[in-house]
Amino acid sequence: MTTMHNDDTDTNFPATFTWGVATSAYQIEGAAAIDGRGPSIWDTFSHADGKIIDGSNGDVACDHYHRYAEDVELIAKLGVNAYRFSMSWSRVQPTGSGAWNEAGFDFYARLLDALAAKGLDAHLTLYHWDLPQALQDEGGWLNRATCYHFAAYAAEVARRFGHQVASIATHNEPWCTAVLGHGTGQFAPGMADPAAAVQVSHHLLLSHGLAMQAMRAVNVPAKLGIVLNQWTATPATDSAQDRELAELEYARSVQWYMDAIFKGRYPALALKHPDASALAIFENDFIDIKQPIDFLGVNYYTRAFMSAETPPRKPECKLGVNDMGWETYPQGLTELLVGLHREYRLPPVYITENGMAVADKLQGGKVHDEPRIEYVQLHLDALRAVIAQGIDVRGYFYWSLMDNFEWNSGYAKRFGMLYVDYATQQRSFKDSALWYRDFIIAQRASHAVALVWEH
């Protein structure tokens, strides 16, 4: 392996900064019907005709269930000190209620032991979109009862593993579950009902609050929080129509979740939207939702560019786009976090996902993915600007550790720092993985030198 030179370490991240990589259960585990795992909505959705672009599914994915020990070795070689992953609810509780599946819990116990042996902090997410199908059959997230099932699941996981993990996040990107899963039908369970998406978003937030209380009740030492996907909303022009569109987008995506958690209400602008007209909120729901959190996870990839023209005006994309067609816009990360810091009393923040899809090619055992390296460099620079303003950002997790099942894109899109040959399950370090490793090593070395000078 060759290493790449890093020359952008003059401004250090804090010595205690967390460096990590992230994955999710359905995208990498495989073993879909092994050791008692029940089906999830993504099993059902991916096996339905025409739902996944390349006709694939997550039955095998990266076979992480069987290869976790190898994967932990690779994580350690990246030089990171943390690994963020999610638990498959239906692997540990096949129907989402009732009996626990000990074989499923045993898998996560083995994974946690392997991480601990390598000195890697474990950051666990309870829900990354893979609802047990049995709960979906009873109404899924449209059924308020699912919130209480989720809280019971959270309490059991916290009771078993809360002393072995650094943090537990309730949900990953509830906006995606609500909007893409229930509003547009792009993601499981494939419902296309915008009003239902609003109700689902409320139930997701309620389940978060109930889960926080349930986990606090078992007195776990792990830090507890939630992970939200967030972005800035830029008006395409200075017209009143574009500005109004941008304000509405920000209110319905970012402020909807942040206001509920930190202010105990929904933004008035978002509530005026017709999709919210039938929203059912019970008395005391916001008391349950507005629970103190120990950390906020922020997933950032790009911005929203809002145009009222037909067809909509497109951004210039001066820094290009990724293989998903998303604009590279690193300054949006700075703008987002500065705005959040101004509007809310934030707990410590972690960038829990940030990454780039590239049409990678494995040639001679190597993957030269310079665009991904540049993307990460630019976003780390944007993060430095945030930290320089006194905002408490504690860590950065690249998405993703390895190429995987990229939801409705199947295996057609690659976000990983490790290249996966799906036919052989061979993993290979991309140039970005080597760059990330060397960057982290240089950060640590600079702190060591500073420490010597201080003494």
# chains A, B, ... in the order shown; residues from 1 in each chain; ligands from 1
call {"tool": "select_by_dssp", "arguments": {"residues": "stretch 96-327 of chain A", "states": "strand (DSSP E or B)", "output": "ChimeraX atom specification"}}
result
/A:121-127,132,167-172,223-229,233-235,295-299,304-306,321,327
call {"tool": "select_by_dssp", "arguments": {"residues": "stretch 32-269 of chain A", "states": "helix (DSSP H, G or I)", "output": "PyMOL selection string"}}
result
chain A and resi 41-47+64-77+89-92+102-117+133-136+140-142+145-161+174-183+194-217+240-263+268-269
call {"tool": "residues_around", "arguments": {"residues": "stretch 61-76 of chain A", "least_positions_apart": "5", "cutoff": "7 Å", "atoms": "only C-alpha atoms", "output": "mmCIF file with N, CA, C and O atoms, in the first residue's frame"}}
result
data_model
loop_
_atom_site.group_PDB
_atom_site.id
_atom_site.type_symbol
_atom_site.label_atom_id
_atom_site.label_comp_id
_atom_site.auth_asym_id
_atom_site.auth_seq_id
_atom_site.Cartn_x
_atom_site.Cartn_y
_atom_site.Cartn_z
ATOM 1 N N GLN A 27 -27.561 -2.597 5.543
ATOM 2 C CA GLN A 27 -26.682 -2.329 4.406
ATOM 3 C C GLN A 27 -25.472 -3.242 4.350
ATOM 4 O O GLN A 27 -24.876 -3.391 3.292
ATOM 5 N N ILE A 28 -25.086 -3.832 5.488
ATOM 6 C CA ILE A 28 -23.851 -4.626 5.473
ATOM 7 C C ILE A 28 -23.996 -6.047 6.029
ATOM 8 O O ILE A 28 -23.233 -6.934 5.635
ATOM 9 N N GLU A 29 -24.937 -6.297 6.918
ATOM 10 C CA GLU A 29 -24.906 -7.557 7.666
ATOM 11 C C GLU A 29 -25.186 -8.789 6.834
ATOM 12 O O GLU A 29 -24.555 -9.839 7.017
ATOM 13 N N GLY A 30 -26.169 -8.739 5.933
ATOM 14 C CA GLY A 30 -26.597 -9.961 5.276
ATOM 15 C C GLY A 30 -27.233 -10.891 6.287
ATOM 16 O O GLY A 30 -27.892 -10.446 7.224
ATOM 17 N N ALA A 31 -27.032 -12.226 6.076
ATOM 18 C CA ALA A 31 -27.582 -13.221 7.018
ATOM 19 C C ALA A 31 -29.041 -12.910 7.330
ATOM 20 O O ALA A 31 -29.466 -12.922 8.482
ATOM 21 N N LEU A 111 -19.465 -8.703 18.394
ATOM 22 C CA LEU A 111 -18.970 -7.510 17.710
ATOM 23 C C LEU A 111 -18.398 -6.513 18.713
ATOM 24 O O LEU A 111 -17.300 -5.964 18.510
ATOM 25 N N ALA A 114 -15.068 -7.637 20.010
ATOM 26 C CA ALA A 114 -14.016 -7.454 19.010
ATOM 27 C C ALA A 114 -13.579 -5.992 18.939
ATOM 28 O O ALA A 114 -12.380 -5.693 18.821
ATOM 29 N N LEU A 115 -14.530 -5.081 18.998
ATOM 30 C CA LEU A 115 -14.207 -3.651 18.985
ATOM 31 C C LEU A 115 -13.403 -3.267 20.219
ATOM 32 O O LEU A 115 -12.399 -2.548 20.133
ATOM 33 N N LYS A 118 -9.775 -4.086 20.182
ATOM 34 C CA LYS A 118 -8.964 -3.200 19.349
ATOM 35 C C LYS A 118 -8.952 -1.760 19.875
ATOM 36 O O LYS A 118 -8.412 -0.862 19.218
ATOM 37 N N ASN A 404 -21.616 -0.739 0.142
ATOM 38 C CA ASN A 404 -22.675 -1.576 0.707
ATOM 39 C C ASN A 404 -23.965 -1.444 -0.090
ATOM 40 O O ASN A 404 -23.981 -0.835 -1.161
ATOM 41 N N PHE A 405 -25.022 -2.032 0.432
ATOM 42 C CA PHE A 405 -26.341 -1.939 -0.190
ATOM 43 C C PHE A 405 -26.869 -0.523 0.044
ATOM 44 O O PHE A 405 -27.245 -0.173 1.163
ATOM 45 N N TYR A 422 -18.369 -7.617 -4.521
ATOM 46 C CA TYR A 422 -19.502 -8.352 -3.971
ATOM 47 C C TYR A 422 -19.497 -9.831 -4.362
ATOM 48 O O TYR A 422 -20.057 -10.660 -3.639
ATOM 49 N N GLN A 425 -16.531 -10.921 -1.890
ATOM 50 C CA GLN A 425 -16.533 -10.271 -0.570
ATOM 51 C C GLN A 425 -15.130 -9.793 -0.165
ATOM 52 O O GLN A 425 -14.879 -9.526 1.008
#
call {"tool": "closest_residue", "arguments": {"among": "A:Leu245, A:Val227, A:Val198, A:Leu333", "to": "A:Leu279", "atoms": "only C-alpha atoms"}}
result
A:Val198
call {"tool": "residues_around", "arguments": {"residues": "stretch 162-174 of chain A", "least_positions_apart": "2", "cutoff": "7 Å", "atoms": "only C-alpha atoms", "output": "list in words"}}
result
Asp121, Ala122, His123, Leu124, Thr125, Leu126, Tyr127, His128, Ala158, Arg159, Arg160, Cys176, Thr177, Ala178, Ser201, Leu204, His208, Val220, Pro221, Ala222, Lys223, Leu224, Gly225, Ile226, Val227, Leu228 and Asn229 of chain A
call {"tool": "residues_around", "arguments": {"residues": "A:Trp407", "least_positions_apart": "2", "cutoff": "10 Å", "atoms": "only C-alpha atoms", "output": "PDB file with all heavy atoms, in the first residue's frame"}}
result
ATOM      1  N   TYR A  26     -28.778  -3.193   7.919  1.00  0.00           N
ATOM      2  CA  TYR A  26     -29.308  -3.813   6.701  1.00  0.00           C
ATOM      3  C   TYR A  26     -28.357  -3.646   5.527  1.00  0.00           C
ATOM      4  O   TYR A  26     -28.317  -4.487   4.629  1.00  0.00           O
ATOM      5  CB  TYR A  26     -30.691  -3.256   6.345  1.00  0.00           C
ATOM      6  CG  TYR A  26     -31.325  -4.063   5.223  1.00  0.00           C
ATOM      7  CD1 TYR A  26     -31.839  -5.333   5.490  1.00  0.00           C
ATOM      8  CD2 TYR A  26     -31.352  -3.592   3.919  1.00  0.00           C
ATOM      9  CE1 TYR A  26     -32.379  -6.100   4.470  1.00  0.00           C
ATOM     10  CE2 TYR A  26     -31.894  -4.354   2.896  1.00  0.00           C
ATOM     11  CZ  TYR A  26     -32.408  -5.613   3.170  1.00  0.00           C
ATOM     12  OH  TYR A  26     -32.932  -6.393   2.160  1.00  0.00           O
ATOM     13  N   GLN A  27     -27.561  -2.597   5.543  1.00  0.00           N
ATOM     14  CA  GLN A  27     -26.682  -2.329   4.406  1.00  0.00           C
ATOM     15  C   GLN A  27     -25.472  -3.242   4.350  1.00  0.00           C
ATOM     16  O   GLN A  27     -24.876  -3.391   3.292  1.00  0.00           O
ATOM     17  CB  GLN A  27     -26.234  -0.863   4.446  1.00  0.00           C
ATOM     18  CG  GLN A  27     -27.389   0.101   4.180  1.00  0.00           C
ATOM     19  CD  GLN A  27     -26.933   1.545   4.177  1.00  0.00           C
ATOM     20  OE1 GLN A  27     -26.890   2.181   5.224  1.00  0.00           O
ATOM     21  NE2 GLN A  27     -26.590   2.069   3.023  1.00  0.00           N
ATOM     22  N   TRP A  42     -37.322  -3.644   4.990  1.00  0.00           N
ATOM     23  CA  TRP A  42     -36.399  -3.570   3.859  1.00  0.00           C
ATOM     24  C   TRP A  42     -36.222  -4.911   3.169  1.00  0.00           C
ATOM     25  O   TRP A  42     -35.967  -4.962   1.966  1.00  0.00           O
ATOM     26  CB  TRP A  42     -35.062  -2.951   4.277  1.00  0.00           C
ATOM     27  CG  TRP A  42     -35.121  -1.468   4.096  1.00  0.00           C
ATOM     28  CD1 TRP A  42     -35.398  -0.529   5.039  1.00  0.00           C
ATOM     29  CD2 TRP A  42     -34.962  -0.756   2.863  1.00  0.00           C
ATOM     30  NE1 TRP A  42     -35.421   0.722   4.484  1.00  0.00           N
ATOM     31  CE2 TRP A  42     -35.154   0.625   3.149  1.00  0.00           C
ATOM     32  CE3 TRP A  42     -34.685  -1.126   1.548  1.00  0.00           C
ATOM     33  CZ2 TRP A  42     -35.070   1.613   2.166  1.00  0.00           C
ATOM     34  CZ3 TRP A  42     -34.600  -0.139   0.572  1.00  0.00           C
ATOM     35  CH2 TRP A  42     -34.793   1.206   0.885  1.00  0.00           C
ATOM     36  N   PHE A  45     -39.433  -4.806   1.038  1.00  0.00           N
ATOM     37  CA  PHE A  45     -39.362  -3.784  -0.005  1.00  0.00           C
ATOM     38  C   PHE A  45     -38.365  -4.166  -1.101  1.00  0.00           C
ATOM     39  O   PHE A  45     -38.661  -4.057  -2.296  1.00  0.00           O
ATOM     40  CB  PHE A  45     -38.965  -2.457   0.646  1.00  0.00           C
ATOM     41  CG  PHE A  45     -38.997  -1.256  -0.268  1.00  0.00           C
ATOM     42  CD1 PHE A  45     -40.204  -0.659  -0.597  1.00  0.00           C
ATOM     43  CD2 PHE A  45     -37.822  -0.712  -0.773  1.00  0.00           C
ATOM     44  CE1 PHE A  45     -40.239   0.470  -1.417  1.00  0.00           C
ATOM     45  CE2 PHE A  45     -37.849   0.405  -1.591  1.00  0.00           C
ATOM     46  CZ  PHE A  45     -39.067   0.996  -1.921  1.00  0.00           C
ATOM     47  N   SER A  46     -37.192  -4.646  -0.696  1.00  0.00           N
ATOM     48  CA  SER A  46     -36.152  -4.931  -1.693  1.00  0.00           C
ATOM     49  C   SER A  46     -36.476  -6.155  -2.536  1.00  0.00           C
ATOM     50  O   SER A  46     -35.940  -6.314  -3.635  1.00  0.00           O
ATOM     51  CB  SER A  46     -34.786  -5.099  -1.018  1.00  0.00           C
ATOM     52  OG  SER A  46     -34.765  -6.228  -0.176  1.00  0.00           O
ATOM     53  N   LYS A  51     -38.495  -1.982  -7.099  1.00  0.00           N
ATOM     54  CA  LYS A  51     -38.220  -1.039  -6.018  1.00  0.00           C
ATOM     55  C   LYS A  51     -36.742  -0.639  -5.944  1.00  0.00           C
ATOM     56  O   LYS A  51     -36.425   0.476  -5.539  1.00  0.00           O
ATOM     57  CB  LYS A  51     -38.646  -1.634  -4.668  1.00  0.00           C
ATOM     58  CG  LYS A  51     -40.134  -1.951  -4.580  1.00  0.00           C
ATOM     59  CD  LYS A  51     -40.989  -0.706  -4.711  1.00  0.00           C
ATOM     60  CE  LYS A  51     -42.456  -1.033  -4.501  1.00  0.00           C
ATOM     61  NZ  LYS A  51     -43.321   0.175  -4.672  1.00  0.00           N
ATOM     62  N   ILE A  52     -35.846  -1.552  -6.292  1.00  0.00           N
ATOM     63  CA  ILE A  52     -34.412  -1.306  -6.207  1.00  0.00           C
ATOM     64  C   ILE A  52     -33.866  -1.168  -7.617  1.00  0.00           C
ATOM     65  O   ILE A  52     -34.148  -2.004  -8.488  1.00  0.00           O
ATOM     66  CB  ILE A  52     -33.682  -2.443  -5.459  1.00  0.00           C
ATOM     67  CG1 ILE A  52     -34.395  -2.750  -4.130  1.00  0.00           C
ATOM     68  CG2 ILE A  52     -32.220  -2.072  -5.241  1.00  0.00           C
ATOM     69  CD1 ILE A  52     -34.488  -1.591  -3.163  1.00  0.00           C
ATOM     70  N   ILE A  53     -33.088  -0.123  -7.855  1.00  0.00           N
ATOM     71  CA  ILE A  53     -32.656   0.236  -9.206  1.00  0.00           C
ATOM     72  C   ILE A  53     -31.991  -0.919  -9.931  1.00  0.00           C
ATOM     73  O   ILE A  53     -32.254  -1.161 -11.119  1.00  0.00           O
ATOM     74  CB  ILE A  53     -31.724   1.466  -9.152  1.00  0.00           C
ATOM     75  CG1 ILE A  53     -32.534   2.726  -8.797  1.00  0.00           C
ATOM     76  CG2 ILE A  53     -30.989   1.667 -10.472  1.00  0.00           C
ATOM     77  CD1 ILE A  53     -31.698   3.948  -8.501  1.00  0.00           C
ATOM     78  N   SER A  56     -31.478  -5.633  -6.814  1.00  0.00           N
ATOM     79  CA  SER A  56     -30.783  -6.387  -5.773  1.00  0.00           C
ATOM     80  C   SER A  56     -31.537  -6.321  -4.453  1.00  0.00           C
ATOM     81  O   SER A  56     -32.619  -5.737  -4.344  1.00  0.00           O
ATOM     82  CB  SER A  56     -29.359  -5.863  -5.608  1.00  0.00           C
ATOM     83  OG  SER A  56     -29.383  -4.520  -5.153  1.00  0.00           O
ATOM     84  N   ASN A  57     -30.951  -6.915  -3.422  1.00  0.00           N
ATOM     85  CA  ASN A  57     -31.509  -6.875  -2.076  1.00  0.00           C
ATOM     86  C   ASN A  57     -30.377  -7.018  -1.067  1.00  0.00           C
ATOM     87  O   ASN A  57     -29.217  -7.160  -1.444  1.00  0.00           O
ATOM     88  CB  ASN A  57     -32.562  -7.979  -1.887  1.00  0.00           C
ATOM     89  CG  ASN A  57     -31.989  -9.358  -2.170  1.00  0.00           C
ATOM     90  OD1 ASN A  57     -31.052  -9.800  -1.504  1.00  0.00           O
ATOM     91  ND2 ASN A  57     -32.535 -10.040  -3.164  1.00  0.00           N
ATOM     92  N   GLY A  58     -30.723  -6.977   0.221  1.00  0.00           N
ATOM     93  CA  GLY A  58     -29.710  -7.045   1.266  1.00  0.00           C
ATOM     94  C   GLY A  58     -29.545  -8.414   1.892  1.00  0.00           C
ATOM     95  O   GLY A  58     -29.018  -8.516   3.010  1.00  0.00           O
ATOM     96  N   GLN A 186     -40.080   6.117  -2.038  1.00  0.00           N
ATOM     97  CA  GLN A 186     -38.782   5.691  -2.565  1.00  0.00           C
ATOM     98  C   GLN A 186     -38.121   4.639  -1.679  1.00  0.00           C
ATOM     99  O   GLN A 186     -37.340   3.829  -2.154  1.00  0.00           O
ATOM    100  CB  GLN A 186     -37.851   6.890  -2.694  1.00  0.00           C
ATOM    101  CG  GLN A 186     -38.281   7.915  -3.706  1.00  0.00           C
ATOM    102  CD  GLN A 186     -37.485   9.210  -3.549  1.00  0.00           C
ATOM    103  OE1 GLN A 186     -37.946  10.167  -2.934  1.00  0.00           O
ATOM    104  NE2 GLN A 186     -36.282   9.231  -4.094  1.00  0.00           N
ATOM    105  N   PHE A 187     -38.398   4.700  -0.377  1.00  0.00           N
ATOM    106  CA  PHE A 187     -37.801   3.791   0.598  1.00  0.00           C
ATOM    107  C   PHE A 187     -38.908   2.953   1.257  1.00  0.00           C
ATOM    108  O   PHE A 187     -40.094   3.276   1.167  1.00  0.00           O
ATOM    109  CB  PHE A 187     -37.060   4.572   1.682  1.00  0.00           C
ATOM    110  CG  PHE A 187     -35.716   5.130   1.270  1.00  0.00           C
ATOM    111  CD1 PHE A 187     -35.244   5.034  -0.032  1.00  0.00           C
ATOM    112  CD2 PHE A 187     -34.912   5.754   2.213  1.00  0.00           C
ATOM    113  CE1 PHE A 187     -34.007   5.545  -0.394  1.00  0.00           C
ATOM    114  CE2 PHE A 187     -33.668   6.265   1.864  1.00  0.00           C
ATOM    115  CZ  PHE A 187     -33.210   6.169   0.562  1.00  0.00           C
ATOM    116  N   ALA A 188     -38.491   1.889   1.935  1.00  0.00           N
ATOM    117  CA  ALA A 188     -39.455   1.062   2.649  1.00  0.00           C
ATOM    118  C   ALA A 188     -40.167   1.888   3.726  1.00  0.00           C
ATOM    119  O   ALA A 188     -39.533   2.750   4.339  1.00  0.00           O
ATOM    120  CB  ALA A 188     -38.723  -0.111   3.297  1.00  0.00           C
ATOM    121  N   ASN A 404     -21.616  -0.739   0.142  1.00  0.00           N
ATOM    122  CA  ASN A 404     -22.675  -1.576   0.707  1.00  0.00           C
ATOM    123  C   ASN A 404     -23.965  -1.444  -0.090  1.00  0.00           C
ATOM    124  O   ASN A 404     -23.981  -0.835  -1.161  1.00  0.00           O
ATOM    125  CB  ASN A 404     -22.894  -1.208   2.185  1.00  0.00           C
ATOM    126  CG  ASN A 404     -23.146   0.275   2.385  1.00  0.00           C
ATOM    127  OD1 ASN A 404     -23.864   0.902   1.608  1.00  0.00           O
ATOM    128  ND2 ASN A 404     -22.568   0.851   3.430  1.00  0.00           N
ATOM    129  N   PHE A 405     -25.022  -2.032   0.432  1.00  0.00           N
ATOM    130  CA  PHE A 405     -26.341  -1.939  -0.190  1.00  0.00           C
ATOM    131  C   PHE A 405     -26.869  -0.523   0.044  1.00  0.00           C
ATOM    132  O   PHE A 405     -27.245  -0.173   1.163  1.00  0.00           O
ATOM    133  CB  PHE A 405     -27.280  -2.982   0.426  1.00  0.00           C
ATOM    134  CG  PHE A 405     -28.681  -2.949  -0.131  1.00  0.00           C
ATOM    135  CD1 PHE A 405     -28.962  -3.526  -1.354  1.00  0.00           C
ATOM    136  CD2 PHE A 405     -29.706  -2.328   0.569  1.00  0.00           C
ATOM    137  CE1 PHE A 405     -30.256  -3.495  -1.872  1.00  0.00           C
ATOM    138  CE2 PHE A 405     -30.997  -2.291   0.064  1.00  0.00           C
ATOM    139  CZ  PHE A 405     -31.273  -2.874  -1.165  1.00  0.00           C
ATOM    140  N   SER A 409     -30.835   2.369  -4.401  1.00  0.00           N
ATOM    141  CA  SER A 409     -29.814   2.323  -5.462  1.00  0.00           C
ATOM    142  C   SER A 409     -29.123   0.964  -5.525  1.00  0.00           C
ATOM    143  O   SER A 409     -28.288   0.743  -6.408  1.00  0.00           O
ATOM    144  CB  SER A 409     -28.747   3.410  -5.233  1.00  0.00           C
ATOM    145  OG  SER A 409     -29.297   4.703  -5.315  1.00  0.00           O
ATOM    146  N   GLY A 410     -29.435   0.085  -4.595  1.00  0.00           N
ATOM    147  CA  GLY A 410     -28.813  -1.233  -4.590  1.00  0.00           C
ATOM    148  C   GLY A 410     -27.303  -1.145  -4.425  1.00  0.00           C
ATOM    149  O   GLY A 410     -26.794  -0.395  -3.595  1.00  0.00           O
ATOM    150  N   TYR A 411     -26.600  -1.900  -5.252  1.00  0.00           N
ATOM    151  CA  TYR A 411     -25.134  -1.912  -5.175  1.00  0.00           C
ATOM    152  C   TYR A 411     -24.506  -1.027  -6.257  1.00  0.00           C
ATOM    153  O   TYR A 411     -23.306  -1.111  -6.513  1.00  0.00           O
ATOM    154  CB  TYR A 411     -24.618  -3.353  -5.280  1.00  0.00           C
ATOM    155  CG  TYR A 411     -25.132  -4.205  -4.146  1.00  0.00           C
ATOM    156  CD1 TYR A 411     -26.226  -5.059  -4.336  1.00  0.00           C
ATOM    157  CD2 TYR A 411     -24.569  -4.122  -2.877  1.00  0.00           C
ATOM    158  CE1 TYR A 411     -26.728  -5.818  -3.285  1.00  0.00           C
ATOM    159  CE2 TYR A 411     -25.071  -4.875  -1.816  1.00  0.00           C
ATOM    160  CZ  TYR A 411     -26.150  -5.710  -2.031  1.00  0.00           C
ATOM    161  OH  TYR A 411     -26.656  -6.453  -0.988  1.00  0.00           O
ATOM    162  N   ALA A 412     -25.316  -0.164  -6.857  1.00  0.00           N
ATOM    163  CA  ALA A 412     -24.840   0.662  -7.971  1.00  0.00           C
ATOM    164  C   ALA A 412     -24.042   1.873  -7.507  1.00  0.00           C
ATOM    165  O   ALA A 412     -23.346   2.490  -8.318  1.00  0.00           O
ATOM    166  CB  ALA A 412     -26.033   1.121  -8.814  1.00  0.00           C
ATOM    167  N   LYS A 413     -24.143   2.244  -6.242  1.00  0.00           N
ATOM    168  CA  LYS A 413     -23.451   3.425  -5.727  1.00  0.00           C
ATOM    169  C   LYS A 413     -22.483   3.018  -4.623  1.00  0.00           C
ATOM    170  O   LYS A 413     -22.806   2.190  -3.778  1.00  0.00           O
ATOM    171  CB  LYS A 413     -24.457   4.448  -5.183  1.00  0.00           C
ATOM    172  CG  LYS A 413     -25.521   4.865  -6.187  1.00  0.00           C
ATOM    173  CD  LYS A 413     -24.936   5.571  -7.404  1.00  0.00           C
ATOM    174  CE  LYS A 413     -26.044   5.993  -8.364  1.00  0.00           C
ATOM    175  NZ  LYS A 413     -25.481   6.626  -9.586  1.00  0.00           N
TER     176      LYS A 413
END
call {"tool": "closest_residue", "arguments": {"among": "A:Lys272, A:His202, A:Arg110, A:His379", "to": "A:Asn354", "atoms": "only C-alpha atoms"}}
result
A:His379
call {"tool": "closest_residue", "arguments": {"among": "A:Leu206, A:Met191, A:Met417, A:Val338", "to": "A:Phe150", "atoms": "only C-alpha atoms"}}
result
A:Leu206
call {"tool": "atom_distance", "arguments": {"atom1": "atom CA of A:Ala233", "atom2": "atom CA of A:Ser400"}}
result
24.6 Å
call {"tool": "residues_around", "arguments": {"residues": "stretch 85-102 of chain A", "least_positions_apart": "2", "cutoff": "8 Å", "atoms": "only C-alpha atoms", "output": "PyMOL selection string"}}
result
chain A and resi 22-26+36-40+83+104-106+108+122-128+130-135+149-150+153
